[in-house]
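J.: Quick one, target.txt (compact mmCIF, C-alpha atoms and all ligand atoms):
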# COMPACT_ATOMS: atom_id res chain seq x y z
CA MET L 1 32.47 -52.41 29.24
CA LYS L 2 32.27 -56.19 29.41
CA HIS L 3 30.70 -57.38 26.17
CA LEU L 4 27.07 -58.52 26.03
CA ILE L 5 25.79 -61.83 24.63
CA ALA L 6 22.40 -61.99 22.91
CA PRO L 7 21.24 -65.51 21.98
CA SER L 8 18.99 -65.45 18.90
CA ILE L 9 15.62 -67.09 19.52
CA LEU L 10 15.43 -67.86 15.78
CA ALA L 11 17.63 -70.88 16.50
CA ALA L 12 15.47 -72.09 19.43
CA ASP L 13 13.23 -75.14 19.35
CA PHE L 14 9.81 -73.51 18.84
CA ALA L 15 8.05 -76.65 20.05
CA HIS L 16 9.81 -76.18 23.40
CA LEU L 17 10.18 -72.44 23.42
CA GLN L 18 9.59 -72.00 27.14
CA ASP L 19 12.44 -74.41 27.94
CA ASP L 20 14.79 -72.51 25.65
CA ILE L 21 13.75 -69.17 27.15
CA ASN L 22 14.43 -70.54 30.63
CA MET L 23 17.82 -71.75 29.44
CA VAL L 24 18.68 -68.17 28.40
CA ASN L 25 17.28 -66.84 31.70
CA ASN L 26 19.56 -69.20 33.60
CA SER L 27 22.64 -68.48 31.49
CA GLU L 28 25.14 -65.64 31.50
CA ALA L 29 23.38 -64.11 28.46
CA ASP L 30 22.44 -60.44 28.65
CA TRP L 31 19.66 -60.03 26.07
CA PHE L 32 17.24 -62.11 23.99
CA HIS L 33 17.79 -61.37 20.29
CA VAL L 34 14.45 -61.52 18.47
CA ASP L 35 14.62 -61.73 14.64
CA ILE L 36 11.53 -60.49 12.80
CA MET L 37 11.48 -61.24 9.04
CA ASP L 38 8.74 -60.26 6.62
CA GLY L 39 9.55 -62.25 3.48
CA LEU L 40 10.11 -58.99 1.58
CA PHE L 41 13.16 -57.29 3.02
CA VAL L 42 14.70 -60.74 3.42
CA PRO L 43 13.80 -63.98 1.63
CA ASN L 44 12.41 -65.64 4.74
CA ILE L 45 9.54 -65.26 7.23
CA SER L 46 10.29 -65.89 10.90
CA PHE L 47 7.52 -65.05 13.37
CA GLY L 48 5.47 -62.10 14.56
CA PHE L 49 3.65 -60.67 17.56
CA PRO L 50 2.11 -63.85 19.07
CA VAL L 51 5.49 -65.56 19.32
CA MET L 52 7.12 -62.38 20.58
CA ALA L 53 4.43 -62.10 23.27
CA ALA L 54 5.18 -65.67 24.33
CA VAL L 55 8.89 -64.84 24.59
CA LYS L 56 8.14 -61.68 26.59
CA LYS L 57 5.95 -63.61 29.01
CA TYR L 58 8.84 -65.75 30.22
CA ALA L 59 11.96 -63.72 29.39
CA GLN L 60 13.71 -62.22 32.39
CA LYS L 61 16.16 -60.23 30.28
CA PRO L 62 15.69 -57.40 27.74
CA LEU L 63 14.35 -58.17 24.26
CA ASP L 64 16.66 -56.96 21.49
CA VAL L 65 14.34 -56.84 18.48
CA HIS L 66 15.93 -56.94 15.02
CA LEU L 67 13.43 -55.86 12.37
CA MET L 68 14.25 -57.27 8.94
CA ILE L 69 11.13 -55.72 7.45
CA VAL L 70 10.40 -53.04 4.87
CA ASP L 71 9.02 -49.73 6.11
CA PRO L 72 9.34 -50.57 9.82
CA ASP L 73 7.68 -47.26 10.83
CA ARG L 74 4.34 -49.04 10.41
CA TYR L 75 5.00 -51.33 13.39
CA LEU L 76 7.26 -49.48 15.85
CA GLU L 77 4.47 -48.84 18.38
CA ARG L 78 3.33 -52.45 18.19
CA PHE L 79 6.82 -53.75 18.88
CA ALA L 80 7.27 -51.34 21.80
CA GLU L 81 3.88 -52.42 23.22
CA ALA L 82 4.84 -56.06 22.74
CA GLY L 83 7.76 -55.50 25.09
CA ALA L 84 10.77 -54.66 22.92
CA ASN L 85 13.54 -52.99 24.91
CA ASN L 86 15.75 -52.37 21.88
CA ILE L 87 14.41 -51.86 18.36
CA THR L 88 16.85 -52.14 15.48
CA VAL L 89 15.79 -51.21 11.95
CA HIS L 90 17.74 -51.72 8.75
CA LEU L 91 19.42 -48.72 7.17
CA GLU L 92 18.47 -50.18 3.78
CA ALA L 93 14.77 -50.34 4.75
CA CYS L 94 14.31 -46.76 5.92
CA THR L 95 13.88 -43.66 3.78
CA HIS L 96 13.79 -41.31 6.78
CA LEU L 97 16.15 -43.03 9.17
CA HIS L 98 16.53 -40.09 11.54
CA ARG L 99 12.76 -39.86 11.92
CA THR L 100 12.46 -43.60 12.47
CA THR L 101 15.20 -43.79 15.11
CA SER L 102 13.84 -40.65 16.87
CA LYS L 103 10.48 -42.40 17.08
CA ILE L 104 12.08 -45.51 18.60
CA LYS L 105 13.65 -43.32 21.30
CA GLU L 106 10.34 -41.53 21.94
CA LEU L 107 8.84 -44.96 22.56
CA GLY L 108 11.39 -45.44 25.34
CA CYS L 109 13.47 -48.03 23.51
CA ILE L 110 17.15 -48.26 22.66
CA ALA L 111 17.42 -47.23 19.01
CA GLY L 112 19.51 -49.41 16.73
CA VAL L 113 20.41 -49.42 13.04
CA ALA L 114 21.47 -52.63 11.27
CA ILE L 115 23.64 -52.53 8.17
CA ASN L 116 23.97 -55.21 5.49
CA PRO L 117 27.39 -56.61 4.57
CA HIS L 118 27.59 -54.65 1.29
CA THR L 119 26.48 -51.26 2.62
CA PRO L 120 29.43 -48.92 3.29
CA ILE L 121 29.99 -48.07 6.98
CA ALA L 122 30.32 -44.44 5.84
CA ALA L 123 26.54 -44.47 5.22
CA LEU L 124 26.19 -44.32 9.02
CA SER L 125 28.30 -41.19 9.46
CA ASP L 126 25.37 -38.77 9.80
CA ILE L 127 23.15 -40.96 11.95
CA VAL L 128 25.65 -42.44 14.40
CA GLU L 129 25.46 -39.55 16.87
CA TYR L 130 21.67 -39.93 17.16
CA ILE L 131 21.42 -43.65 17.87
CA ASP L 132 22.37 -46.06 20.64
CA LEU L 133 23.40 -49.16 18.71
CA VAL L 134 24.66 -50.28 15.30
CA CYS L 135 24.21 -53.90 14.30
CA ILE L 136 26.81 -54.92 11.72
CA MET L 137 25.46 -57.89 9.80
CA SER L 138 28.21 -60.47 9.43
CA VAL L 139 26.00 -62.63 7.16
CA ASN L 140 23.35 -61.66 4.63
CA PRO L 141 20.24 -61.35 6.81
CA GLY L 142 17.46 -63.89 6.46
CA PHE L 143 18.71 -67.15 7.91
CA GLY L 144 20.51 -68.53 10.91
CA GLY L 145 23.51 -70.83 10.62
CA GLN L 146 25.30 -69.05 7.78
CA LYS L 147 29.02 -68.59 7.28
CA PHE L 148 30.63 -65.52 8.84
CA ILE L 149 31.83 -62.87 6.34
CA GLU L 150 35.47 -61.95 6.98
CA SER L 151 35.28 -58.27 5.94
CA THR L 152 33.32 -57.75 9.18
CA TYR L 153 36.53 -57.18 11.18
CA ARG L 154 37.58 -54.25 9.02
CA ARG L 155 34.03 -52.86 9.09
CA ILE L 156 33.96 -52.98 12.90
CA ALA L 157 37.25 -51.10 13.09
CA GLU L 158 35.89 -48.48 10.69
CA LEU L 159 32.72 -48.06 12.75
CA LYS L 160 34.68 -47.95 16.00
CA ALA L 161 36.76 -45.05 14.64
CA LEU L 162 33.59 -43.21 13.60
CA ALA L 163 32.01 -43.86 17.00
CA MET L 164 35.07 -42.55 18.86
CA GLU L 165 34.64 -39.29 16.98
CA ARG L 166 30.86 -38.89 17.22
CA ASN L 167 29.36 -41.24 19.80
CA PRO L 168 31.82 -43.08 22.06
CA GLN L 169 28.96 -44.78 23.95
CA LEU L 170 27.70 -46.50 20.78
CA LEU L 171 26.94 -50.19 21.17
CA ILE L 172 28.49 -52.19 18.31
CA GLU L 173 26.60 -55.44 17.80
CA ILE L 174 27.64 -58.25 15.46
CA ASP L 175 25.01 -60.58 14.03
CA GLY L 176 25.63 -63.79 12.10
CA GLY L 177 28.05 -66.68 12.34
CA VAL L 178 29.46 -65.66 15.72
CA ASN L 179 31.30 -68.49 17.47
CA GLU L 180 34.03 -69.19 20.00
CA HIS L 181 36.70 -68.97 17.28
CA ASN L 182 35.94 -65.45 16.01
CA THR L 183 34.72 -63.80 19.23
CA ALA L 184 38.10 -62.59 20.51
CA ALA L 185 38.91 -60.96 17.16
CA LEU L 186 35.45 -59.32 17.00
CA LEU L 187 35.92 -57.86 20.48
CA HIS L 188 39.46 -56.81 19.64
CA ALA L 189 38.18 -54.93 16.57
CA GLY L 190 35.68 -53.01 18.73
CA ALA L 191 32.47 -55.05 19.02
CA ASN L 192 30.70 -55.03 22.39
CA VAL L 193 27.48 -57.00 21.73
CA LEU L 194 27.49 -60.45 20.12
CA VAL L 195 24.41 -62.20 18.77
CA ALA L 196 24.69 -65.99 18.67
CA GLY L 197 22.04 -68.34 17.29
CA ASN L 198 23.22 -71.77 16.28
CA ASN L 199 26.41 -71.58 18.30
CA VAL L 200 24.28 -71.52 21.45
CA PHE L 201 21.12 -73.47 20.60
CA SER L 202 22.83 -76.28 18.66
CA ALA L 203 25.42 -76.82 21.35
CA ALA L 204 25.29 -79.96 23.48
CA ASP L 205 25.36 -77.65 26.51
CA PRO L 206 23.84 -74.26 25.53
CA ILE L 207 24.43 -72.69 28.96
CA ALA L 208 28.11 -73.57 28.73
CA ALA L 209 28.22 -72.22 25.15
CA VAL L 210 26.95 -68.84 26.40
CA SER L 211 29.51 -68.84 29.22
CA THR L 212 32.30 -69.60 26.75
CA LEU L 213 31.36 -66.59 24.59
CA LYS L 214 30.86 -64.37 27.64
CA ARG L 215 34.24 -65.19 29.14
CA ILE L 216 36.34 -64.71 26.03
CA ASP L 217 38.67 -61.77 26.36
CA PRO L 218 39.83 -59.57 23.43
CA SER L 219 43.43 -60.14 24.54
CA GLN L 220 43.00 -63.80 23.54
CA VAL L 221 43.02 -62.76 19.87
CA LYS L 222 45.49 -64.57 17.62
CA ILE L 223 46.67 -62.20 14.91
C1 LIG L 301 20.12 -63.49 10.51
C2 LIG L 301 19.64 -63.12 11.89
C3 LIG L 301 20.57 -63.57 12.97
C4 LIG L 301 20.65 -65.07 13.11
C5 LIG L 301 21.97 -65.42 13.73
O1 LIG L 301 19.33 -62.89 9.58
O2 LIG L 301 19.54 -61.70 11.99
O3 LIG L 301 20.24 -62.96 14.22
O4 LIG L 301 19.60 -65.59 13.90
O5 LIG L 301 22.12 -66.79 13.71
P1 LIG L 301 23.54 -67.52 13.69
O6 LIG L 301 24.26 -67.07 14.94
O7 LIG L 301 23.19 -68.95 13.68
O8 LIG L 301 24.28 -67.06 12.47
ZN ZN L 302 19.39 -60.77 14.01
Please re-express this file's structure in structure tokens.

T.:
Amino acid sequence: MKHLIAPSILAADFAHLQDDINMVNNSEADWFHVDIMDGLFVPNISFGFPVMAAVKKYAQKPLDVHLMIVDPDRYLERFAEAGANNITVHLEACTHLHRTTSKIKELGCIAGVAINPHTPIAALSDIVEYIDLVCIMSVNPGFGGQKFIESTYRRIAELKALAMERNPQLLIEIDGGVNEHNTAALLHAGANVLVAGNNVFSAADPIAAVSTLKRIDPSQVKI
């Protein structure tokens, strides 16, 4: 499949959110990435339901909701009602991950699991066949604009091998520090969804920045 690009609204200008949403609508982006932070699971608070509702009102593409919150089971229905198409929970935040991801599917959403940079990929081995998407964090979650962590490439390859065995359709999403310099190598390693915050919204021409990421081919990788 051609890889998907999901601009992260966290990096948008909240005073002109509608303009930034329209920019994504008019770009080659595939999804809106929506980062929800609770100040507990991560040391930052982003935004909640009112802002998400505003995004939903104008977004013409699916909402990919990344929950960086403890005990996400409490809010799954609310996020589905608020218009989430994909709901991704953190492996580190769920005691009963199979129950949580089953619930996300029952709600009619794509079920994703995000994994922090220090958590072994092997911790996904018994859940990977039951979910639709894994989000490999390539920064420590909590903030946009951080430096990409290099071990991500090896972790993608490890997950790709696991997925080939147990769930070849698995979407492998990379979140944090994605840019035009590392995209080819990420795709080459096996990623097929790329989140991009600052790379898109801080660009002089955000629509062109999305197109650049969308058009990069894994064969362009320089090893
Ligand atoms: C980090 C968030 C990311 C972030 C990505 O905790 O999950 O989605 O917005 O931003 P950039 O692309 O700027 O690293
Ligand atoms: Zn995210």

J.: Using only C-alpha atoms and all ligand atoms, pick whichever of L:Met68, L:Leu91, L:Ala189, L:Val24 has the shortest atom-to-atom distance to ligand LIG 301 (chain L).

T.: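 Nearest to ligand LIG 301 (chain L): L:Met68.
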
J.: Can you tell me, as a list of chain:residue names, what residues are no more than 9 Å from L:Asp73 when counting all atoms listed in the file, ignoring any on the same chain fewer than 2 positions away?

T.: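 The contact residues come out as L:Val70, L:Asp71, L:Tyr75, L:Leu76, L:Glu77, L:Cys94, L:Thr100, L:Lys103.
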
J.: What's around L:Ile110 at 12 Å? Count all atoms listed in the file, leave out sequence neighbours fewer than 6 positions away in its own chain, and write the answer as an NGL selection string.

T.: :L and (62-66 or 80 or 84-89 or 101-104 or 130-134 or 170-171)

J.: Mind dumping the selected residues with C-alpha atoms as a PDB file, in the coordinates of the input?

T.:
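Written output follows (again.pdb):
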ATOM      1  CA  PRO L  62      15.690 -57.400  27.740  1.00  0.00           C
ATOM      2  CA  LEU L  63      14.350 -58.170  24.260  1.00  0.00           C
ATOM      3  CA  ASP L  64      16.660 -56.960  21.490  1.00  0.00           C
ATOM      4  CA  VAL L  65      14.340 -56.840  18.480  1.00  0.00           C
ATOM      5  CA  HIS L  66      15.930 -56.940  15.020  1.00  0.00           C
ATOM      6  CA  ALA L  80       7.270 -51.340  21.800  1.00  0.00           C
ATOM      7  CA  ALA L  84      10.770 -54.660  22.920  1.00  0.00           C
ATOM      8  CA  ASN L  85      13.540 -52.990  24.910  1.00  0.00           C
ATOM      9  CA  ASN L  86      15.750 -52.370  21.880  1.00  0.00           C
ATOM     10  CA  ILE L  87      14.410 -51.860  18.360  1.00  0.00           C
ATOM     11  CA  THR L  88      16.850 -52.140  15.480  1.00  0.00           C
ATOM     12  CA  VAL L  89      15.790 -51.210  11.950  1.00  0.00           C
ATOM     13  CA  THR L 101      15.200 -43.790  15.110  1.00  0.00           C
ATOM     14  CA  SER L 102      13.840 -40.650  16.870  1.00  0.00           C
ATOM     15  CA  LYS L 103      10.480 -42.400  17.080  1.00  0.00           C
ATOM     16  CA  ILE L 104      12.080 -45.510  18.600  1.00  0.00           C
ATOM     17  CA  TYR L 130      21.670 -39.930  17.160  1.00  0.00           C
ATOM     18  CA  ILE L 131      21.420 -43.650  17.870  1.00  0.00           C
ATOM     19  CA  ASP L 132      22.370 -46.060  20.640  1.00  0.00           C
ATOM     20  CA  LEU L 133      23.400 -49.160  18.710  1.00  0.00           C
ATOM     21  CA  VAL L 134      24.660 -50.280  15.300  1.00  0.00           C
ATOM     22  CA  LEU L 170      27.700 -46.500  20.780  1.00  0.00           C
ATOM     23  CA  LEU L 171      26.940 -50.190  21.170  1.00  0.00           C
TER      24      LEU L 171
END

J.: Quick one: distance from atom CA of L:Gly83 to atom CA of L:Phe32 in Å, one decimal?

T.: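 Atom CA of L:Gly83 sits 11.6 Å away from atom CA of L:Phe32.
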
J.: Kindly indicate which residue among L:His16, L:Arg215, L:His33, L:His98 lies nearest to ligand LIG 301 (chain L), using only C-alpha atoms and all ligand atoms for the distances.

T.: L:His33

J.: As a PDB file with C-alpha atoms, in the frame of the given file, please: every protein or nucleic acid residue near ligand LIG 301 (chain L) (cut-off 7 Å, counting only C-alpha atoms and all ligand atoms).

T.:
ATOM      1  CA  SER L   8      18.990 -65.450  18.900  1.00  0.00           C
ATOM      2  CA  LEU L  10      15.430 -67.860  15.780  1.00  0.00           C
ATOM      3  CA  ALA L  11      17.630 -70.880  16.500  1.00  0.00           C
ATOM      4  CA  HIS L  33      17.790 -61.370  20.290  1.00  0.00           C
ATOM      5  CA  ASP L  35      14.620 -61.730  14.640  1.00  0.00           C
ATOM      6  CA  HIS L  66      15.930 -56.940  15.020  1.00  0.00           C
ATOM      7  CA  VAL L 139      26.000 -62.630   7.160  1.00  0.00           C
ATOM      8  CA  ASN L 140      23.350 -61.660   4.630  1.00  0.00           C
ATOM      9  CA  PRO L 141      20.240 -61.350   6.810  1.00  0.00           C
ATOM     10  CA  GLY L 142      17.460 -63.890   6.460  1.00  0.00           C
ATOM     11  CA  PHE L 143      18.710 -67.150   7.910  1.00  0.00           C
ATOM     12  CA  GLY L 144      20.510 -68.530  10.910  1.00  0.00           C
ATOM     13  CA  GLY L 145      23.510 -70.830  10.620  1.00  0.00           C
ATOM     14  CA  GLN L 146      25.300 -69.050   7.780  1.00  0.00           C
ATOM     15  CA  ASP L 175      25.010 -60.580  14.030  1.00  0.00           C
ATOM     16  CA  GLY L 176      25.630 -63.790  12.100  1.00  0.00           C
ATOM     17  CA  GLY L 177      28.050 -66.680  12.340  1.00  0.00           C
ATOM     18  CA  VAL L 178      29.460 -65.660  15.720  1.00  0.00           C
ATOM     19  CA  VAL L 195      24.410 -62.200  18.770  1.00  0.00           C
ATOM     20  CA  ALA L 196      24.690 -65.990  18.670  1.00  0.00           C
ATOM     21  CA  GLY L 197      22.040 -68.340  17.290  1.00  0.00           C
ATOM     22  CA  ASN L 198      23.220 -71.770  16.280  1.00  0.00           C
ATOM     23  CA  ASN L 199      26.410 -71.580  18.300  1.00  0.00           C
TER      24      ASN L 199
END

J.: Tell me which of L:Lys56, L:Lys61, L:Lys105, L:His90 sits closest to ligand ZN 302 (chain L), counting all atoms listed in the file.

T.: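 Residue with the minimum atom-to-atom distance to ligand ZN 302 (chain L): L:His90.
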
J.: Which residue is closest to ligand ZN 302 (chain L)? Choose from L:Ile36, L:Ile216, L:Ala203, L:Leu186 and count all atoms listed in the file.

T.: L:Ile36

J.: Provide the atom CA of L:Val55 to atom CA of L:Pro7 distance in Å, to one decimal place.

T.: 12.6 Å

J.: Kindly give the distance, in Å, that separates atom CA of L:Pro168 and atom CA of L:Ala123, rounded to a single decimal.

T.: 17.7 Å

J.: L:Glu129, L:Glu180, L:Asp205, L:Glu150: which is nearest L:Ser27, counting all atoms listed in the file?

T.: L:Asp205

J.: From the set L:Asp13, L:Glu173, L:Asn25, L:Thr95, which residue has the shortest atom-to-atom contact distance to ligand ZN 302 (chain L), counting only C-alpha atoms and all ligand atoms?

T.: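 That would be L:Glu173, the residue with the smallest distance to ligand ZN 302 (chain L).
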
J.: Show which residues sit within 9 Å of L:Ser151, as a PyMOL selection string. Count all atoms listed in the file, and ignore same-chain residues fewer than 3 positions away.

T.: chain L and resi 117+138+154-156

J.: Write out as a list in words each polymer residue whose atoms come within 7 Å of L:Val221, counting all atoms listed in the file; drop sequence neighbours fewer than 4 positions from it.

T.: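 In the requested format, the answer is Ala184, Ala185 and His188 of chain L.
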
J.: What does the file look like for those residues with C-alpha atoms, as a compact mmCIF listing (two decimals), keeping the file's coordinate frame?

T.:
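result_9.txt, freshly written:
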# COMPACT_ATOMS: atom_id res chain seq x y z
CA ALA L 184 38.10 -62.59 20.51
CA ALA L 185 38.91 -60.96 17.16
CA HIS L 188 39.46 -56.81 19.64

J.: Could you list, as a list of chain:residue names, every residue within 10 Å of L:Tyr58, counting all atoms listed in the file and ignoring same-chain residues fewer than 3 positions away?

T.: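 In the requested form, the answer reads L:Leu17, L:Gln18, L:Asp19, L:Ile21, L:Asn22, L:Asn25, L:Ala53, L:Ala54, L:Val55, L:Lys61.
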